[in-house]
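Here's the structure we're looking at; comments come further down.
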Number of protein chains: 2
Amino acid sequence: MRTVVPLDVTDAKSRLAGVLDTGERRVFAAAACRDVLDAVRGAGGDPLVLADAPLETGADPGDGPSPFAAIDCQVRVDDRPLTAAVQAAVDEALDDSPDDDGGDAVAVVMADLALATPAAVERLYAALDRADVAIAPGLGGGTNAVAVAEPAFTFDYHGASVRDHRAAARAAGVEPATVDSYRLAVDVDEPADLAEVLLHGEGHAADWLREAGFELATGAGRVSAVRE
Amino acid sequence: MRTVVPLDVTDAKSRLAGVLDTGERRVFAAAACRDVLDAVRGAGGDPLVLADAPLETGADPGDGPSPFAAIDCQVRVDDRPLTAAVQAAVDEALDDSPDDDGGDAVAVVMADLALATPAAVERLYAALDRADVAIAPGLGGGTNAVAVAEPAFTFDYHGASVRDHRAAARAAGVEPATVDSYRLAVDVDEPADLAEVLLHGEGHAADWLREAGFELATGAGRVSAVRE
């Protein structure tokens with residue numbers, strides 16, 4: 001299934017600024033995106049990175065090439081806000097790409113789901129057997145992954161988008177299916193999320209965090225990710 | 001399947017002290033426990049509340065009965081630390097309760113999983129088809145739910161317990177299955193978790209939060225739960 005992977009190149013992972021510097025955030029974001037692409041391909045998907053700027057953008061002189069340039073995937077650049085860019089990419093995919101069932105379907109999976117696995121993405125795809133819109137909620141009301149086989153469905157990534165996307169599905173005549181997945185629910189936005197990557201990540205992002213010196217710290221409550 | 005539901009009566013939801021007073025935390029904890037019991041029963045399970053004190057404990061004079069007293073379930077009281085209490089309850093269940101397959105199996109589901117649904121608990125039970133130990137990780141390294149059909153498996157809820165429980169399964173000769181569920185991953189421990197309940201809860205805990213005046217507040221990142 002065609003799977004759009006929106007990637008923020010120009011302001012990567014800004015909410016991790018307290019624990020990673022600008023260059024590190026770009027390297028980490030690129031690693032997480034590669035994990036997502038691996039999961040999509042492992043699930044039999046056909047990924048398209050939807051970037052807000054060319055992947056070569058923003059390389060610091062002396063730092064060598066942009067870490068995003070190592071992403072090996074078809075790329076579409078669209079500098080409009082996320083909602084408009086995703087809608088356009090999805091509309092184009094639904095027009096162009098008949099899926100294996102003879103119908104049209106497309107998925108959108110955020111580039112910061114560093115815990116995504118092929119099995120989790122397969123569950124997203126398979127949820128279209130239950131409804132023509134399937135939504136994997138993210139922590140804090142986000143919409144981390146969607147699969148759509150209903151062209152009337154419209155995207156809106158503002159605010160508590162999972163609610164808006166459920167309403168949008170119903171407005172398009174579809175009672176949406178929910179994909180109940182921890183691995184798709186954790187987008188790596190905040191420092192606490194790094195602990196989840198250290199605990200359960202199996203890919204590039206987890207490897208990079210460990211190489212960068214992060215480790216788990218246990219206390220009275222949830223564990224955290226720290227480095228010396 | 002016999003399903004042990006550990007419940008902290010004496011110090012309920014202490015990490016929510018910044019947003020709920022002591023009495024409110026007890027009411028909320030009781031509501032979340034009722035949601036878990038509904039989910040367990042809806043999945044065909046046979047719940048046993050494992051409480052660290054009698055449910056009638058700690059009612060404030062003038063406040064009427066303890067909110068925990070409204071929990072309608074068989075209760076076992078064990079004031080030992082969580083690990084010892086769970087191990088004893090599980091050992092007893094594995095000795096006593098042949099499951100439908102003719103073998104013995106038991107589950108442990110934490111009482112603060114206010115988002116648990118019958119479908120999520122069914123996935124926990126069904127994971128025993130893949131391995132004799134199935135683990136649903138919680139946010140921050142916790143072990144929110146376990147299903148066990150291997151008597152040699154031992155519990156240890158300290159620290160990043162999901163890692164220890166995976167190691168314990170392997171020590172017992174079992175490669176554990178993982179239950180990838182957002183609904184089982186969110187235990188309601190911290191104020192940010194209340195937003196998840198408002199977003200996705202369908203039971204007593206969500207109803208109580210709304211009645212107590214909590215609502216979602218959207219900003220630049222994840223939504224939060226606030227009240228006037």
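So you can find residues: chains in the structure tokens are A, B, ... in the order shown, residues in each start at 1, and ligands are numbered from 1 in order.
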(request) Can you pull out every residue within 10 Å of range 38-52 of chain A, counting only C-alpha atoms, but drop anything in the same chain fewer than 6 positions away, and send it as an NGL selection string? (result) :A and (1-11 or 32 or 68 or 71-82 or 85-86 or 89 or 106-111 or 113-125 or 203-204)
(request) Please report as a PyMOL selection string which residues of chain A come no farther than 8 Å from chain B, using only C-alpha atoms. (result) chain A and resi 120+139-142+159-160+163+180-183+185+192+195-196+199+218-224
What would chain B look like once superposed on chain A, with the fit done by least squares over all C-alpha atoms paired in order? Give it as a compact mmCIF listing (two decimals) with C-alpha atoms, in the first residue's frame.
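superposed_11.txt, written as the output of this step:
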```
# COMPACT_ATOMS: atom_id res chain seq x y z
CA MET B 1 0.02 -0.01 0.01
CA ARG B 2 1.26 3.47 -0.85
CA THR B 3 2.32 4.95 2.51
CA VAL B 4 3.03 8.63 2.92
CA VAL B 5 5.62 9.41 5.63
CA PRO B 6 5.54 13.12 6.56
CA LEU B 7 8.98 14.34 7.68
CA ASP B 8 9.85 17.70 9.23
CA VAL B 9 13.24 18.62 7.79
CA THR B 10 13.35 22.32 8.62
CA ASP B 11 12.60 22.18 12.36
CA ALA B 12 13.28 18.59 13.31
CA LYS B 13 12.18 17.43 16.78
CA SER B 14 12.16 20.91 18.32
CA ARG B 15 10.59 19.67 21.59
CA LEU B 16 13.73 17.61 22.21
CA ALA B 17 15.82 20.79 22.33
CA GLY B 18 16.36 20.37 26.08
CA VAL B 19 18.26 17.12 25.62
CA LEU B 20 19.61 17.15 22.04
CA ASP B 21 21.31 19.97 20.15
CA THR B 22 20.14 20.97 16.69
CA GLY B 23 22.50 18.68 14.82
CA GLU B 24 21.67 15.74 17.08
CA ARG B 25 17.97 16.29 16.62
CA ARG B 26 18.42 16.10 12.85
CA VAL B 27 20.45 12.91 13.09
CA PHE B 28 17.91 11.37 15.45
CA ALA B 29 14.95 12.40 13.28
CA ALA B 30 16.61 10.86 10.23
CA ALA B 31 17.26 7.64 12.14
CA ALA B 32 13.64 7.44 13.31
CA CYS B 33 12.43 8.04 9.74
CA ARG B 34 14.62 5.17 8.51
CA ASP B 35 13.05 2.94 11.18
CA VAL B 36 9.60 3.89 9.93
CA LEU B 37 10.58 3.18 6.33
CA ASP B 38 11.96 -0.22 7.36
CA ALA B 39 8.68 -1.02 9.14
CA VAL B 40 6.59 0.10 6.16
CA ARG B 41 8.65 -1.94 3.71
CA GLY B 42 8.64 -4.91 6.08
CA ALA B 43 4.84 -4.77 6.06
CA GLY B 44 4.81 -4.80 2.26
CA GLY B 45 4.14 -1.08 1.97
CA ASP B 46 5.45 1.35 -0.62
CA PRO B 47 6.73 4.42 1.25
CA LEU B 48 6.88 7.99 0.02
CA VAL B 49 8.66 10.51 2.23
CA LEU B 50 6.72 13.77 2.28
CA ALA B 51 9.31 16.37 3.31
CA ASP B 52 8.78 20.04 4.03
CA ALA B 53 12.10 20.84 2.33
CA PRO B 54 14.66 18.97 0.22
CA LEU B 55 16.53 16.40 2.31
CA GLU B 56 19.80 18.16 1.59
CA THR B 57 18.54 21.32 3.29
CA GLY B 58 20.22 22.79 6.31
CA ALA B 59 23.51 20.94 6.42
CA ASP B 60 25.91 22.94 8.54
CA PRO B 61 29.16 23.86 6.77
CA GLY B 62 31.81 21.53 8.12
CA ASP B 63 29.28 18.96 9.38
CA GLY B 64 29.21 17.15 6.08
CA PRO B 65 25.99 16.26 4.28
CA SER B 66 22.54 16.58 5.84
CA PRO B 67 21.70 13.46 7.85
CA PHE B 68 18.40 13.36 6.00
CA ALA B 69 20.27 12.81 2.74
CA ALA B 70 20.96 9.24 3.89
CA ILE B 71 17.25 8.42 3.69
CA ASP B 72 16.83 6.00 0.81
CA CYS B 73 13.29 6.50 -0.44
CA GLN B 74 11.22 8.29 -3.01
CA VAL B 75 10.71 11.85 -1.75
CA ARG B 76 8.04 14.45 -2.44
CA VAL B 77 8.75 17.98 -1.23
CA ASP B 78 5.83 20.17 -0.18
CA ASP B 79 6.44 23.22 2.00
CA ARG B 80 2.78 23.83 2.81
CA PRO B 81 1.47 23.11 6.33
CA LEU B 82 1.18 19.43 7.22
CA THR B 83 -2.55 19.09 6.62
CA ALA B 84 -2.46 20.53 3.11
CA ALA B 85 0.64 18.61 2.14
CA VAL B 86 -0.74 15.28 3.37
CA GLN B 87 -4.12 15.86 1.75
CA ALA B 88 -2.51 16.53 -1.61
CA ALA B 89 -0.26 13.48 -1.40
CA VAL B 90 -3.14 11.25 -0.33
CA ASP B 91 -5.46 12.56 -3.01
CA GLU B 92 -2.84 11.86 -5.63
CA ALA B 93 -2.19 8.36 -4.31
CA LEU B 94 -5.89 7.51 -4.20
CA ASP B 95 -6.21 8.64 -7.80
CA ASP B 96 -3.19 6.71 -9.00
CA SER B 97 -2.58 3.55 -7.04
CA PRO B 98 -5.02 0.67 -7.18
CA ASP B 99 -4.20 -1.62 -4.29
CA ASP B 100 -4.10 -5.39 -4.33
CA ASP B 101 -7.83 -5.64 -3.71
CA GLY B 102 -8.63 -3.69 -6.82
CA GLY B 103 -9.71 -0.68 -4.75
CA ASP B 104 -7.66 2.33 -3.81
CA ALA B 105 -6.06 2.72 -0.42
CA VAL B 106 -3.30 4.82 1.06
CA ALA B 107 -1.72 5.15 4.47
CA VAL B 108 -0.04 8.01 6.31
CA VAL B 109 2.53 7.09 8.96
CA MET B 110 4.45 9.79 10.82
CA ALA B 111 8.23 9.76 10.46
CA ASP B 112 8.90 9.91 14.21
CA LEU B 113 7.39 6.53 15.14
CA ALA B 114 10.75 5.05 16.07
CA LEU B 115 9.09 2.02 17.66
CA ALA B 116 7.13 1.04 14.57
CA THR B 117 7.57 -2.55 13.43
CA PRO B 118 6.38 -4.40 10.34
CA ALA B 119 3.79 -6.19 12.50
CA ALA B 120 2.36 -2.91 13.76
CA VAL B 121 2.13 -1.45 10.26
CA GLU B 122 0.55 -4.69 9.03
CA ARG B 123 -2.15 -4.22 11.66
CA LEU B 124 -2.77 -0.70 10.30
CA TYR B 125 -3.15 -2.00 6.75
CA ALA B 126 -5.30 -4.93 7.87
CA ALA B 127 -7.68 -2.63 9.75
CA LEU B 128 -9.05 -1.54 6.37
CA ASP B 129 -10.78 -4.92 6.34
CA ARG B 130 -12.98 -3.53 9.13
CA ALA B 131 -13.60 0.00 7.86
CA ASP B 132 -12.56 2.30 5.03
CA VAL B 133 -10.77 4.57 7.51
CA ALA B 134 -8.43 3.17 10.19
CA ILE B 135 -6.75 5.37 12.78
CA ALA B 136 -3.87 4.66 15.15
CA PRO B 137 -4.05 7.26 17.94
CA GLY B 138 -0.90 8.88 19.26
CA LEU B 139 -0.21 9.91 22.83
CA GLY B 140 -1.77 13.27 23.63
CA GLY B 141 -4.47 13.24 20.99
CA GLY B 142 -2.33 13.00 17.87
CA THR B 143 -3.03 10.91 14.81
CA ASN B 144 0.12 8.89 14.32
CA ALA B 145 -1.05 6.65 11.51
CA VAL B 146 -4.06 6.46 9.23
CA ALA B 147 -5.13 4.13 6.46
CA VAL B 148 -7.77 5.41 4.08
CA ALA B 149 -9.84 3.78 1.36
CA GLU B 150 -12.53 6.47 1.30
CA PRO B 151 -11.66 9.42 -0.98
CA ALA B 152 -14.10 11.75 0.82
CA PHE B 153 -12.05 11.55 4.04
CA THR B 154 -10.26 14.82 4.81
CA PHE B 155 -7.22 15.44 7.00
CA ASP B 156 -6.78 17.99 9.80
CA TYR B 157 -3.68 17.66 11.95
CA HIS B 158 -4.40 20.61 14.24
CA GLY B 159 -5.02 20.16 17.99
CA ALA B 160 -6.52 16.89 19.24
CA SER B 161 -6.47 15.57 15.71
CA VAL B 162 -7.56 12.05 16.57
CA ARG B 163 -10.98 13.42 17.48
CA ASP B 164 -11.17 15.51 14.34
CA HIS B 165 -10.14 12.59 12.17
CA ARG B 166 -12.79 10.37 13.72
CA ALA B 167 -15.35 13.08 13.01
CA ALA B 168 -14.01 13.46 9.47
CA ALA B 169 -14.44 9.73 8.87
CA ARG B 170 -18.04 9.87 10.05
CA ALA B 171 -18.64 12.93 7.88
CA ALA B 172 -17.45 10.79 4.98
CA GLY B 173 -19.90 8.06 5.96
CA VAL B 174 -17.42 5.74 7.66
CA GLU B 175 -17.32 4.55 11.27
CA PRO B 176 -13.53 4.46 11.67
CA ALA B 177 -11.60 1.44 12.91
CA THR B 178 -9.05 2.01 15.67
CA VAL B 179 -5.64 0.39 15.66
CA ASP B 180 -4.77 -0.21 19.31
CA SER B 181 -0.97 -0.19 19.18
CA TYR B 182 1.57 1.07 21.69
CA ARG B 183 4.23 1.02 18.99
CA LEU B 184 2.18 3.32 16.78
CA ALA B 185 1.01 5.47 19.72
CA VAL B 186 4.48 6.62 20.76
CA ASP B 187 5.75 9.39 18.53
CA VAL B 188 9.11 10.56 19.78
CA ASP B 189 8.39 14.18 20.59
CA GLU B 190 9.38 14.75 24.19
CA PRO B 191 12.33 13.72 26.37
CA ALA B 192 10.25 11.09 28.20
CA ASP B 193 9.69 9.36 24.86
CA LEU B 194 13.40 8.63 24.55
CA ALA B 195 13.03 6.13 27.39
CA GLU B 196 10.45 4.24 25.33
CA VAL B 197 12.92 4.04 22.45
CA LEU B 198 15.67 2.72 24.75
CA LEU B 199 13.24 0.19 26.24
CA HIS B 200 11.56 -1.10 23.10
CA GLY B 201 13.36 0.27 20.03
CA GLU B 202 15.12 -2.18 17.75
CA GLY B 203 16.37 0.07 14.98
CA HIS B 204 18.47 3.03 13.96
CA ALA B 205 17.01 5.51 16.46
CA ALA B 206 17.60 3.23 19.45
CA ASP B 207 21.11 2.44 18.25
CA TRP B 208 21.92 6.11 17.84
CA LEU B 209 20.60 7.01 21.29
CA ARG B 210 22.77 4.33 22.87
CA GLU B 211 25.81 5.45 20.88
CA ALA B 212 25.11 9.03 21.99
CA GLY B 213 25.39 7.88 25.59
CA PHE B 214 21.76 7.67 26.64
CA GLU B 215 20.76 5.02 29.12
CA LEU B 216 17.80 4.22 31.33
CA ALA B 217 17.50 5.67 34.81
CA THR B 218 15.06 4.02 37.19
CA GLY B 219 13.39 5.79 40.08
CA ALA B 220 10.09 5.68 41.89
CA GLY B 221 7.93 6.06 38.78
CA ARG B 222 8.47 5.62 35.06
CA VAL B 223 12.03 5.21 33.87
CA SER B 224 13.73 8.07 32.06
CA ALA B 225 16.53 8.41 29.51
CA VAL B 226 19.64 10.20 30.75
CA ARG B 227 23.24 10.68 29.70
CA GLU B 228 26.31 11.84 31.55
```
(request) Identify all residues of range 27-220 of chain A in helix (DSSP H, G or I) (DSSP on the backbone) and supply them as a PyMOL selection string. (result) chain A and resi 27-42+67-70+82-96+118-129+139-141+161-171+182-185+191-200+204-211
